[in-house]
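Below is structure22.txt, holding compact mmCIF, C-alpha atoms and all ligand atoms.
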```
# COMPACT_ATOMS: atom_id res chain seq x y z
CA MET A 1 -67.86 196.45 -152.67
CA LYS A 2 -65.87 196.98 -149.45
CA ILE A 3 -65.81 199.62 -146.74
CA THR A 4 -62.36 201.23 -146.83
CA GLY A 5 -62.75 203.91 -144.18
CA ALA A 6 -65.10 205.89 -141.99
CA ARG A 7 -64.72 209.19 -140.18
CA LEU A 8 -66.71 211.79 -138.29
CA ILE A 9 -67.49 215.34 -139.29
CA ILE A 10 -68.31 217.28 -136.14
CA THR A 11 -69.73 220.73 -136.80
CA SER A 12 -71.86 223.40 -135.17
CA PRO A 13 -73.58 225.56 -137.82
CA ASP A 14 -75.92 227.19 -135.24
CA ARG A 15 -76.08 223.88 -133.32
CA ASN A 16 -74.02 220.71 -132.95
CA PHE A 17 -74.19 217.80 -135.39
CA ILE A 18 -72.23 214.53 -135.54
CA THR A 19 -72.07 213.16 -139.09
CA LEU A 20 -70.54 209.80 -140.02
CA ARG A 21 -69.07 209.39 -143.50
CA ILE A 22 -68.38 205.84 -144.70
CA ASP A 23 -66.16 205.38 -147.76
CA THR A 24 -65.89 202.39 -150.10
CA ASP A 25 -63.38 200.97 -152.57
CA GLU A 26 -65.68 202.03 -155.44
CA GLY A 27 -65.49 205.70 -154.49
CA ILE A 28 -69.11 205.77 -153.30
CA TYR A 29 -69.62 207.18 -149.82
CA GLY A 30 -72.62 207.41 -147.48
CA LEU A 31 -73.67 209.77 -144.67
CA GLY A 32 -75.30 209.00 -141.32
CA ASP A 33 -76.36 211.22 -138.40
CA GLY A 34 -75.19 210.38 -134.87
CA THR A 35 -76.43 213.51 -133.11
CA VAL A 36 -77.91 213.10 -129.61
CA ASN A 37 -78.72 216.57 -128.30
CA GLY A 38 -76.44 217.47 -125.38
CA ARG A 39 -74.57 214.12 -125.46
CA GLU A 40 -72.96 214.44 -128.92
CA LEU A 41 -69.39 213.54 -128.01
CA ALA A 42 -70.42 210.29 -126.32
CA VAL A 43 -71.73 209.03 -129.67
CA ALA A 44 -68.64 210.36 -131.44
CA SER A 45 -66.36 208.44 -129.10
CA TYR A 46 -68.52 205.28 -129.32
CA LEU A 47 -68.19 205.40 -133.10
CA THR A 48 -64.52 206.31 -133.32
CA GLU A 49 -63.20 204.06 -130.58
CA HIS A 50 -65.49 201.06 -130.83
CA VAL A 51 -67.39 200.89 -134.13
CA ILE A 52 -65.36 202.29 -137.02
CA PRO A 53 -62.45 199.81 -136.58
CA CYS A 54 -64.97 196.93 -136.96
CA LEU A 55 -66.38 198.25 -140.24
CA ILE A 56 -63.26 198.21 -142.39
CA GLY A 57 -63.34 195.51 -145.06
CA ARG A 58 -67.06 194.72 -144.67
CA ASP A 59 -69.54 194.66 -147.55
CA PRO A 60 -71.68 197.83 -147.21
CA PHE A 61 -74.67 196.05 -148.82
CA GLN A 62 -74.98 193.83 -145.72
CA THR A 63 -77.14 196.30 -143.79
CA GLU A 64 -78.93 193.55 -141.83
CA ASP A 65 -75.82 191.63 -140.84
CA ILE A 66 -73.90 194.78 -139.87
CA TRP A 67 -76.89 195.99 -137.80
CA GLN A 68 -77.00 192.67 -135.92
CA TYR A 69 -73.21 192.67 -135.53
CA LEU A 70 -73.31 196.09 -133.84
CA TYR A 71 -76.44 195.34 -131.77
CA ARG A 72 -76.09 191.70 -130.67
CA GLY A 73 -72.34 191.66 -131.15
CA ALA A 74 -71.73 194.44 -128.61
CA TYR A 75 -73.43 192.31 -125.92
CA TRP A 76 -74.54 195.59 -124.23
CA ARG A 77 -77.82 196.49 -125.85
CA ARG A 78 -79.96 199.56 -126.43
CA GLY A 79 -79.65 203.05 -124.99
CA PRO A 80 -79.56 206.32 -126.95
CA VAL A 81 -75.77 206.43 -127.42
CA THR A 82 -75.45 202.86 -128.70
CA MET A 83 -78.55 203.05 -130.89
CA ALA A 84 -77.59 206.46 -132.36
CA ALA A 85 -74.16 205.04 -133.24
CA ILE A 86 -75.74 201.98 -134.89
CA ALA A 87 -78.14 204.30 -136.73
CA ALA A 88 -75.33 206.49 -138.04
CA VAL A 89 -73.72 203.40 -139.60
CA ASP A 90 -77.00 201.93 -140.86
CA VAL A 91 -78.22 205.15 -142.51
CA ALA A 92 -74.84 205.69 -144.19
CA LEU A 93 -74.94 202.11 -145.56
CA TRP A 94 -78.45 202.59 -147.01
CA ASP A 95 -77.17 205.79 -148.62
CA ILE A 96 -74.29 203.84 -150.20
CA LYS A 97 -76.64 201.07 -151.34
CA GLY A 98 -78.97 203.57 -153.05
CA LYS A 99 -76.10 205.36 -154.75
CA ALA A 100 -74.56 202.07 -155.93
CA LEU A 101 -77.91 200.93 -157.38
CA ASN A 102 -78.59 204.43 -158.72
CA THR A 103 -81.98 204.72 -157.01
CA PRO A 104 -83.46 206.71 -154.10
CA VAL A 105 -83.50 204.77 -150.80
CA TYR A 106 -87.32 204.73 -150.69
CA ASN A 107 -87.28 202.39 -153.72
CA LEU A 108 -85.31 199.87 -151.66
CA LEU A 109 -87.95 199.98 -148.88
CA GLY A 110 -90.98 199.15 -151.01
CA GLY A 111 -91.16 202.16 -153.30
CA ALA A 112 -93.36 205.24 -152.93
CA SER A 113 -96.66 204.50 -151.19
CA ARG A 114 -97.86 208.11 -151.50
CA ASN A 115 -97.14 211.33 -153.38
CA GLY A 116 -95.51 213.03 -150.40
CA CYS A 117 -95.26 213.00 -146.60
CA MET A 118 -97.64 215.32 -144.75
CA VAL A 119 -95.62 217.40 -142.29
CA TYR A 120 -96.44 219.55 -139.30
CA THR A 121 -94.44 222.52 -138.16
CA HIS A 122 -94.18 224.43 -134.88
CA ALA A 123 -96.16 227.55 -133.99
CA ASN A 124 -95.51 229.33 -130.75
CA GLY A 125 -96.07 232.58 -128.94
CA ALA A 126 -95.42 234.26 -125.61
CA ASP A 127 -99.23 234.35 -125.17
CA ILE A 128 -102.38 233.06 -126.89
CA ALA A 129 -102.67 235.96 -129.35
CA GLU A 130 -99.07 235.49 -130.52
CA ALA A 131 -99.56 231.72 -130.85
CA VAL A 132 -102.69 232.22 -132.98
CA ASP A 133 -100.74 234.62 -135.23
CA SER A 134 -97.92 232.12 -135.52
CA VAL A 135 -100.32 229.31 -136.54
CA GLN A 136 -101.81 231.57 -139.19
CA LYS A 137 -98.38 232.54 -140.48
CA HIS A 138 -97.48 228.85 -140.98
CA LEU A 139 -100.80 228.17 -142.72
CA ALA A 140 -99.96 231.01 -145.11
CA GLU A 141 -96.64 229.25 -145.85
CA GLY A 142 -98.63 226.21 -147.01
CA TYR A 143 -98.64 223.95 -143.95
CA ILE A 144 -101.85 222.02 -143.33
CA ALA A 145 -100.80 220.72 -139.90
CA VAL A 146 -99.39 222.88 -137.11
CA ARG A 147 -98.26 222.21 -133.55
CA ALA A 148 -99.26 225.03 -131.18
CA GLN A 149 -97.45 225.93 -127.93
CA ALA A 150 -97.75 229.15 -125.91
CA GLY A 151 -96.26 230.71 -122.81
CA VAL A 152 -98.18 229.65 -119.71
CA PRO A 153 -99.11 232.72 -117.63
CA GLY A 154 -97.07 232.80 -114.41
CA ILE A 155 -94.24 230.59 -115.78
CA ALA A 156 -91.17 232.50 -116.92
CA SER A 157 -90.10 230.26 -119.83
CA SER A 158 -92.46 227.64 -121.24
CA TYR A 159 -91.44 224.67 -123.40
CA GLY A 160 -91.52 225.45 -127.14
CA VAL A 161 -91.60 229.24 -126.75
CA PRO A 162 -88.49 231.05 -128.01
CA LYS A 163 -86.74 234.03 -126.48
CA LYS A 164 -87.96 237.25 -128.12
CA GLY A 165 -86.95 237.63 -131.74
CA LYS A 166 -85.09 234.28 -131.98
CA PRO A 167 -86.18 231.04 -133.66
CA TYR A 168 -86.90 228.30 -131.11
CA GLU A 169 -83.93 226.00 -130.48
CA PRO A 170 -84.19 223.73 -127.45
CA ALA A 171 -80.44 223.46 -126.66
CA GLU A 172 -78.41 226.42 -125.49
CA ARG A 173 -74.64 226.88 -125.54
CA GLY A 174 -72.93 226.62 -122.17
CA LEU A 175 -74.15 224.59 -119.20
CA PRO A 176 -77.86 223.66 -118.78
CA SER A 177 -80.22 226.53 -118.03
CA GLU A 178 -83.02 226.02 -115.49
CA SER A 179 -86.70 226.73 -116.16
CA LEU A 180 -89.77 226.57 -113.92
CA TRP A 181 -92.89 224.49 -114.35
CA SER A 182 -96.37 224.43 -112.84
CA THR A 183 -98.70 221.63 -113.89
CA GLU A 184 -101.69 223.33 -112.27
CA LYS A 185 -101.26 226.52 -114.28
CA TYR A 186 -100.66 224.56 -117.49
CA LEU A 187 -103.72 222.32 -117.14
CA ARG A 188 -105.96 225.38 -116.73
CA PHE A 189 -104.30 227.17 -119.64
CA ALA A 190 -104.01 224.57 -122.44
CA PRO A 191 -107.75 224.30 -123.28
CA LYS A 192 -107.95 228.12 -123.54
CA LEU A 193 -105.09 228.08 -126.05
CA PHE A 194 -106.81 225.51 -128.27
CA ASP A 195 -110.21 227.18 -127.97
CA ALA A 196 -108.62 230.34 -129.43
CA VAL A 197 -106.57 228.54 -132.11
CA ARG A 198 -109.42 226.31 -133.33
CA ASN A 199 -111.81 229.29 -133.50
CA ALA A 200 -109.26 231.24 -135.51
CA VAL A 201 -108.36 228.57 -138.09
CA GLY A 202 -111.60 226.62 -138.62
CA GLU A 203 -112.18 222.88 -138.90
CA ASP A 204 -109.87 221.75 -141.69
CA VAL A 205 -106.46 222.43 -140.15
CA HIS A 206 -104.68 219.63 -138.25
CA LEU A 207 -103.69 220.92 -134.81
CA LEU A 208 -101.12 219.18 -132.63
CA HIS A 209 -99.77 219.80 -129.14
CA ASP A 210 -96.65 218.63 -127.27
CA VAL A 211 -97.00 218.09 -123.50
CA HIS A 212 -93.27 217.20 -123.36
CA HIS A 213 -93.56 214.52 -120.65
CA ARG A 214 -94.90 216.95 -118.02
CA LEU A 215 -97.98 215.14 -116.66
CA THR A 216 -98.90 212.05 -114.67
CA PRO A 217 -101.19 209.61 -116.50
CA ILE A 218 -104.35 210.85 -114.75
CA GLN A 219 -103.45 214.50 -115.40
CA ALA A 220 -102.85 213.61 -119.04
CA ALA A 221 -106.23 211.87 -119.13
CA ARG A 222 -107.86 215.06 -117.88
CA LEU A 223 -106.03 217.18 -120.46
CA GLY A 224 -106.98 214.81 -123.29
CA LYS A 225 -110.65 215.05 -122.26
CA SER A 226 -110.57 218.82 -121.99
CA LEU A 227 -109.02 219.09 -125.48
CA GLU A 228 -111.56 216.79 -127.18
CA PRO A 229 -113.79 219.68 -128.37
CA TYR A 230 -110.83 221.07 -130.38
CA ASP A 231 -110.28 217.87 -132.38
CA LEU A 232 -106.50 217.53 -132.06
CA PHE A 233 -104.52 215.44 -134.56
CA TRP A 234 -102.52 214.31 -131.53
CA MET A 235 -101.47 215.00 -127.97
CA GLU A 236 -97.73 214.24 -127.77
CA ASP A 237 -95.62 212.83 -124.92
CA ALA A 238 -98.42 213.32 -122.40
CA THR A 239 -96.54 211.39 -119.71
CA PRO A 240 -93.03 209.91 -119.49
CA ALA A 241 -93.28 206.54 -121.21
CA GLU A 242 -90.71 204.43 -119.41
CA TYR A 243 -93.81 203.04 -117.70
CA GLN A 244 -95.70 202.04 -120.82
CA GLU A 245 -98.81 200.96 -118.92
CA GLY A 246 -99.34 204.59 -117.86
CA PHE A 247 -100.84 205.11 -121.30
CA LYS A 248 -103.59 202.61 -120.52
CA ILE A 249 -104.96 205.08 -117.95
CA ILE A 250 -104.94 207.95 -120.46
CA ARG A 251 -106.60 205.75 -123.08
CA GLN A 252 -109.43 204.75 -120.75
CA HIS A 253 -110.50 208.39 -120.39
CA THR A 254 -110.04 210.16 -123.69
CA THR A 255 -110.41 209.78 -127.47
CA THR A 256 -107.77 212.46 -128.17
CA PRO A 257 -105.19 210.61 -130.32
CA LEU A 258 -101.89 209.92 -128.55
CA ALA A 259 -98.32 210.14 -129.88
CA VAL A 260 -95.16 209.23 -128.00
CA GLY A 261 -91.60 208.05 -128.50
CA GLU A 262 -89.15 210.80 -129.45
CA VAL A 263 -86.87 209.62 -126.61
CA PHE A 264 -87.24 205.91 -127.46
CA ASN A 265 -84.37 203.99 -129.01
CA SER A 266 -85.75 200.47 -129.51
CA VAL A 267 -88.96 198.80 -130.61
CA TRP A 268 -88.95 197.29 -127.11
CA ASP A 269 -89.60 200.76 -125.65
CA ALA A 270 -92.93 200.70 -127.48
CA HIS A 271 -93.83 197.02 -127.42
CA ASP A 272 -96.67 197.21 -124.88
CA LEU A 273 -97.85 200.59 -126.16
CA VAL A 274 -98.29 199.23 -129.67
CA ARG A 275 -99.64 195.73 -129.09
CA ASN A 276 -102.24 197.06 -126.64
CA GLN A 277 -103.18 199.94 -128.96
CA TRP A 278 -102.56 202.47 -126.19
CA ILE A 279 -101.11 204.93 -128.71
CA ASP A 280 -101.91 206.06 -132.24
CA TYR A 281 -98.55 207.39 -133.45
CA LEU A 282 -95.00 206.24 -132.70
CA ARG A 283 -92.38 208.99 -132.85
CA MET A 284 -89.14 207.06 -132.35
CA THR A 285 -86.43 209.05 -134.14
CA VAL A 286 -84.99 207.19 -137.15
CA SER A 287 -81.47 208.15 -136.06
CA HIS A 288 -81.92 207.36 -132.35
CA GLY A 289 -83.61 204.01 -132.84
CA GLY A 290 -80.98 202.14 -134.86
CA GLY A 291 -81.55 203.66 -138.30
CA ILE A 292 -83.51 202.70 -141.38
CA THR A 293 -83.23 198.93 -140.83
CA SER A 294 -84.99 199.09 -137.47
CA ALA A 295 -87.36 201.93 -138.44
CA LYS A 296 -88.77 199.80 -141.26
CA LYS A 297 -89.24 196.76 -139.00
CA THR A 298 -90.77 198.88 -136.24
CA ALA A 299 -93.19 200.52 -138.70
CA ASP A 300 -94.25 197.11 -140.00
CA PHE A 301 -94.85 195.92 -136.42
CA CYS A 302 -96.94 199.06 -135.74
CA ASP A 303 -98.95 198.48 -138.92
CA LEU A 304 -100.36 195.24 -137.48
CA TYR A 305 -101.99 197.32 -134.72
CA GLN A 306 -103.05 200.32 -136.81
CA VAL A 307 -100.43 202.50 -135.16
CA LYS A 308 -98.90 205.03 -137.57
CA THR A 309 -95.53 206.74 -137.81
CA GLY A 310 -94.96 210.32 -136.66
CA TYR A 311 -91.20 210.64 -136.75
CA HIS A 312 -89.40 213.16 -134.58
CA GLY A 313 -87.99 215.90 -136.84
CA ALA A 314 -86.61 218.63 -134.58
CA THR A 315 -83.62 220.86 -135.43
CA ASP A 316 -81.35 218.78 -133.20
CA LEU A 317 -81.53 215.97 -135.79
CA SER A 318 -79.41 216.79 -138.80
CA PRO A 319 -80.74 217.09 -142.36
CA VAL A 320 -79.36 213.54 -142.84
CA THR A 321 -82.01 212.28 -140.39
CA MET A 322 -84.72 214.34 -142.07
CA ALA A 323 -83.80 212.72 -145.40
CA ALA A 324 -83.79 209.22 -143.86
CA ALA A 325 -87.18 209.81 -142.18
CA LEU A 326 -88.70 211.03 -145.46
CA HIS A 327 -87.45 207.98 -147.41
CA VAL A 328 -88.97 205.62 -144.80
CA GLY A 329 -92.12 207.75 -144.54
CA LEU A 330 -92.71 207.77 -148.28
CA ALA A 331 -92.38 203.99 -148.43
CA VAL A 332 -94.14 202.47 -145.41
CA HIS A 333 -97.87 201.79 -145.62
CA ASN A 334 -98.67 203.23 -142.17
CA PHE A 335 -97.05 206.65 -142.48
CA GLY A 336 -98.93 209.17 -140.32
CA ILE A 337 -97.21 212.54 -140.31
CA GLN A 338 -93.64 213.90 -140.18
CA GLU A 339 -92.44 216.65 -137.82
CA HIS A 340 -90.78 219.51 -139.71
CA MET A 341 -88.95 222.07 -137.64
CA PRO A 342 -86.91 223.78 -140.39
CA HIS A 343 -83.15 224.05 -139.87
CA THR A 344 -81.46 227.43 -139.99
CA ALA A 345 -80.25 228.67 -143.39
CA LEU A 346 -76.66 228.01 -142.29
CA THR A 347 -77.38 224.38 -141.36
CA ASP A 348 -79.09 223.88 -144.74
CA GLU A 349 -76.03 225.36 -146.43
CA VAL A 350 -73.71 222.89 -144.66
CA PHE A 351 -76.00 219.98 -145.64
CA PRO A 352 -77.26 220.53 -149.24
CA HIS A 353 -80.22 218.19 -149.78
CA ALA A 354 -82.72 216.93 -152.34
CA TYR A 355 -85.77 216.93 -150.03
CA LYS A 356 -88.36 219.64 -150.56
CA PHE A 357 -91.42 221.15 -148.89
CA GLU A 358 -94.45 222.07 -150.97
CA ASN A 359 -98.07 222.74 -149.98
CA GLY A 360 -97.98 220.95 -146.65
CA TYR A 361 -96.04 217.91 -147.85
CA MET A 362 -92.38 216.96 -148.07
CA HIS A 363 -90.72 214.65 -150.58
CA PRO A 364 -87.24 213.10 -150.17
CA GLY A 365 -86.38 213.80 -153.83
CA ASP A 366 -85.26 211.31 -156.45
CA ALA A 367 -81.48 211.59 -156.15
CA PRO A 368 -79.75 208.20 -155.70
CA GLY A 369 -79.31 207.21 -152.05
CA LEU A 370 -80.58 209.66 -149.44
CA GLY A 371 -80.03 212.75 -151.61
CA ILE A 372 -77.84 214.53 -149.08
CA THR A 373 -74.28 215.85 -149.03
CA ILE A 374 -72.13 217.84 -146.62
CA ASP A 375 -69.99 220.85 -147.42
CA GLU A 376 -66.96 219.88 -145.34
CA GLU A 377 -65.09 223.12 -145.91
CA LEU A 378 -67.99 225.15 -144.58
CA ALA A 379 -68.59 222.64 -141.76
CA ALA A 380 -64.97 223.08 -140.62
CA LYS A 381 -65.61 226.79 -140.00
CA TYR A 382 -68.06 225.94 -137.20
CA PRO A 383 -66.37 223.79 -134.55
CA TYR A 384 -68.30 221.95 -131.82
CA GLN A 385 -69.48 224.11 -128.91
CA ARG A 386 -70.78 222.53 -125.73
CA ALA A 387 -74.57 222.94 -125.47
CA TYR A 388 -77.31 221.40 -123.36
CA LEU A 389 -81.07 221.12 -123.15
CA PRO A 390 -82.56 223.02 -120.19
CA VAL A 391 -83.65 221.31 -117.00
CA ALA A 392 -86.97 222.12 -115.31
CA ARG A 393 -87.97 222.55 -111.69
CA LEU A 394 -91.36 222.86 -110.00
CA LEU A 395 -92.12 226.15 -108.26
CA ASP A 396 -90.83 224.65 -104.96
CA GLY A 397 -87.49 223.68 -106.55
CA THR A 398 -88.13 219.96 -107.19
CA LEU A 399 -86.44 218.75 -110.38
CA THR A 400 -89.06 217.63 -112.90
CA ASP A 401 -89.23 216.45 -116.52
CA TRP A 402 -88.27 219.19 -118.96
O1 LIG B 1 -87.61 219.04 -127.35
O2 LIG B 1 -85.77 217.40 -129.93
O3 LIG B 1 -91.44 217.42 -130.69
N1 LIG B 1 -90.37 217.89 -130.61
C1 LIG B 1 -89.68 218.03 -129.47
C2 LIG B 1 -88.27 218.53 -129.61
C3 LIG B 1 -87.41 218.14 -128.41
C4 LIG B 1 -85.96 218.19 -128.80
C5 LIG B 1 -85.06 217.71 -127.66
O4 LIG B 1 -83.75 217.65 -128.09
O5 LIG B 1 -90.18 217.74 -128.42
O6 LIG B 1 -88.25 219.91 -129.82
CO CO B 2 -91.85 216.45 -128.75
```

In structure tokens, write the structure found in this file.
Ligand code: EZ4
Ligand code: CO
Amino acid sequence: MKITGARLIITSPDRNFITLRIDTDEGIYGLGDGTVNGRELAVASYLTEHVIPCLIGRDPFQTEDIWQYLYRGAYWRRGPVTMAAIAAVDVALWDIKGKALNTPVYNLLGGASRNGCMVYTHANGADIAEAVDSVQKHLAEGYIAVRAQAGVPGIASSYGVPKKGKPYEPAERGLPSESLWSTEKYLRFAPKLFDAVRNAVGEDVHLLHDVHHRLTPIQAARLGKSLEPYDLFWMEDATPAEYQEGFKIIRQHTTTPLAVGEVFNSVWDAHDLVRNQWIDYLRMTVSHGGGITSAKKTADFCDLYQVKTGYHGATDLSPVTMAAALHVGLAVHNFGIQEHMPHTALTDEVFPHAYKFENGYMHPGDAPGLGITIDEELAAKYPYQRAYLPVARLLDGTLTDW
């Protein structure tokens, strides 16, 4: 089999997505996701100008060789744009391989290691009462694990809390908006939120929380300690992780489980975190970290240290990434949990898919390949629109981590 062509489908059904379609001489095609929220067109250009011309004529079954060709062969390594472009190719090739062999991708990664992938979804509210209601609403939908975020009193717009009446979507059309942040107010508030949520839902529900890189290591250590009575499944992105050793400080002070990595793009971003057992869950996005080939290797590396997967699954990753994450998650031994922030109905319509949610778990489905298609006619009705994530400033105007 030979690759005969590849092209991008750029569409914005409620938000922007970059989809790579690779075609072969046997009529089988595969899909990959190259979306990097707020930097979409950089990946598109990287693929169109520099990657697609190198793919023509290659054997799509050579996922390892093509991965190495694009990674080592570029000389310039890593970074979200490069690794998302490599991932888009890699995921599309696994899709082709599955379709050609008439089997779901998870069978090519070791087969199903479980019946389904436990997922968590997002609950949020402008205040504690609304957040508690939102958690209960998601439990009624069948979720057994829920992430809770609430507006921090005195801060106009808090991370994870939508504008009234709208579903939460981190990017906004136009140029970046600016939000305010106060660590002091947040550190006082977060334990009150989880006291209320835990009391409302009882012991059996898995509760998660996303700090979204807002704290220093010692502040994160304090938060982890103050949340211990509420038995969190994890505390996510407690501190920016460029400095991996920062997690050692958090670890020394708290037994609250730690998850990190949604902005990582290489196993090397997590090397110290994993081999020192400073974290419990690695969140590196399948489509930002080089695709299925590297996700499988990274999961196997984590398994040696009892670190589990907790793949990023926000709405800014297309349904193609959700499918890829579920195939890897079903197969690897050390699956932990999968984030599930459901796409809008329109996005789902543009990307018809075989994966399903039922009673707290998701399954990638048994269609050959990834089990995902794209309705190109519908996609064409929603052209790209510039959109950005917000930036955050401290109350005195200092730019901080959003
Ligand atoms: O803010 O993916 O855990 N999920 C998250 C996400 C991120 C977005 C950024 O593009 O933190 O909602
Ligand atoms: Co997060």

Within 12 Å of ligand CO 2 (chain B), which residues show up when you count all atoms listed in the file? List them as a PyMOL selection string, please. chain A and resi 120-122+147-149+159-160+170+208-214+234-240+258-264+282-285+310-316+338-341+402

Please produce an output containing C-alpha atoms for each residue in the selection, written as a short mmCIF file (atom, residue, chain, number, x, y, z; two decimals), keeping the file's coordinate frame.
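Writing done, so here's again24.cif:
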```
data_model
loop_
_atom_site.label_atom_id
_atom_site.label_comp_id
_atom_site.auth_asym_id
_atom_site.auth_seq_id
_atom_site.Cartn_x
_atom_site.Cartn_y
_atom_site.Cartn_z
CA TYR A 120 -96.44 219.55 -139.30
CA THR A 121 -94.44 222.52 -138.16
CA HIS A 122 -94.18 224.43 -134.88
CA ARG A 147 -98.26 222.21 -133.55
CA ALA A 148 -99.26 225.03 -131.18
CA GLN A 149 -97.45 225.93 -127.93
CA TYR A 159 -91.44 224.67 -123.40
CA GLY A 160 -91.52 225.45 -127.14
CA PRO A 170 -84.19 223.73 -127.45
CA LEU A 208 -101.12 219.18 -132.63
CA HIS A 209 -99.77 219.80 -129.14
CA ASP A 210 -96.65 218.63 -127.27
CA VAL A 211 -97.00 218.09 -123.50
CA HIS A 212 -93.27 217.20 -123.36
CA HIS A 213 -93.56 214.52 -120.65
CA ARG A 214 -94.90 216.95 -118.02
CA TRP A 234 -102.52 214.31 -131.53
CA MET A 235 -101.47 215.00 -127.97
CA GLU A 236 -97.73 214.24 -127.77
CA ASP A 237 -95.62 212.83 -124.92
CA ALA A 238 -98.42 213.32 -122.40
CA THR A 239 -96.54 211.39 -119.71
CA PRO A 240 -93.03 209.91 -119.49
CA LEU A 258 -101.89 209.92 -128.55
CA ALA A 259 -98.32 210.14 -129.88
CA VAL A 260 -95.16 209.23 -128.00
CA GLY A 261 -91.60 208.05 -128.50
CA GLU A 262 -89.15 210.80 -129.45
CA VAL A 263 -86.87 209.62 -126.61
CA PHE A 264 -87.24 205.91 -127.46
CA LEU A 282 -95.00 206.24 -132.70
CA ARG A 283 -92.38 208.99 -132.85
CA MET A 284 -89.14 207.06 -132.35
CA THR A 285 -86.43 209.05 -134.14
CA GLY A 310 -94.96 210.32 -136.66
CA TYR A 311 -91.20 210.64 -136.75
CA HIS A 312 -89.40 213.16 -134.58
CA GLY A 313 -87.99 215.90 -136.84
CA ALA A 314 -86.61 218.63 -134.58
CA THR A 315 -83.62 220.86 -135.43
CA ASP A 316 -81.35 218.78 -133.20
CA GLN A 338 -93.64 213.90 -140.18
CA GLU A 339 -92.44 216.65 -137.82
CA HIS A 340 -90.78 219.51 -139.71
CA MET A 341 -88.95 222.07 -137.64
CA TRP A 402 -88.27 219.19 -118.96
#
```

Length of the atom CA of A:Val274 to atom CA of A:Gly246 vector [Å]: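 Here the two named atoms are 13.0 Å from each other.
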
How many Å lie between atom CA of A:Leu93 and atom CA of A:Asp14, rounded to one decimal?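 Straight-line distance from atom CA of A:Leu93 to atom CA of A:Asp14 works out to 27.1 Å.
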
Near A:Asp195, within 10 Å and counting all atoms listed in the file, which residues show up once chain neighbours fewer than 2 positions away are dropped, as a PyMOL selection string? chain A and resi 128+190-193+197-200+227+229-230

Could you check how far atom CA of A:Gly365 sits from atom CA of A:Val328, in Å to one decimal?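 Computing it gives 12.5 Å between the two atoms.
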
Polymer residues at most 9 Å from stretch 94-106 of chain A, only C-alpha atoms, same-chain spacing of 4 or more positions, as a VMD selection string: chain A and resid 22 to 24 26 28 to 32 60 to 61 63 89 to 90 110 to 112 292 to 293 324 326 to 332 364 to 372

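Counting only C-alpha atoms and all ligand atoms, the residue from A:Ile56, A:Met362, A:Ala44, A:Leu317 that sits nearest to ligand LIG 1 (chain B) is A:Leu317.
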
Distance criterion (all atoms listed in the file): nearest to A:Val43 out of A:Ser113, A:Thr255, A:Ser182, A:Ser287: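 Result for the nearest residue to A:Val43: A:Ser287.
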
Using only C-alpha atoms and all ligand atoms, can you tell me which of A:Lys225, A:Lys185, A:Lys2, A:His288 comes closest to ligand LIG 1 (chain B)? A:His288

Could you check the closest approach to ligand LIG 1 (chain B) for each of A:Gln62, A:Asn37, A:Ser177, A:Ser158 and tell me which residue wins, using all atoms listed in the file?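 The answer is A:Asn37, which sits nearest to ligand LIG 1 (chain B).
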
Would you give the centre and edge lengths, in Å to one decimal, of a box along x, y and z around the listed atoms of ligand LIG 1 (chain B), with 5 Å added to each side, as JSON?
```
{"center_x": -87.6, "center_y": 218.7, "center_z": -129.0, "size_x": 17.7, "size_y": 12.5, "size_z": 13.3}
```

Tell me which protein, DNA and RNA residues are within 10 Å of A:Pro390, counting all atoms listed in the file, leaving out same-chain ones fewer than 2 positions away, and put them as an MDAnalysis selection string. chainID A and resid 38 159 170:172 175:179 387:388 392 402

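For the choices A:Ser45, A:Gln244, A:Ser318, A:Ser266, the atom-to-atom distance to ligand LIG 1 (chain B) is smallest for A:Ser318 when using all atoms listed in the file.
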
Determine the nearest neighbour of A:Asp396 from the options A:Ala241, A:Leu180, A:Val119, A:Leu139, counting all atoms listed in the file. A:Leu180

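Excluding A:Thr11 itself and any same-chain residue fewer than 2 positions from it, the protein and nucleic acid residues within 6 Å of it, counting all atoms listed in the file, are Asn16, Phe17, Ala379, Tyr382, Pro383 and Tyr384 of chain A.
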
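For A:Asp300, the set of protein, DNA and RNA residues having any atom at most 9 Å away, when counting only C-alpha atoms and skipping those fewer than 5 positions along the same chain, is Ala295, Val332, His333 and Asn334 of chain A.
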
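Applying the 12 Å criterion to (-93.4, 195.0, -138.4) in file coordinates and using only C-alpha atoms, one obtains the residues Val267, His271, Val274, Arg275, Thr293, Ser294, Ala295, Lys296, Lys297, Thr298, Ala299, Asp300, Phe301, Cys302, Asp303, Leu304, Tyr305, Gln306, Val307, Lys308, Thr309, Val332, His333 and Asn334 of chain A.
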
Starting from the point (-101.7, 215.4, -114.3), work out which residues of protein, DNA or RNA have an atom no more than 10 Å away when counting only C-alpha atoms; state them as a ChimeraX atom specification. /A:183-184,186-187,214-223,238-239
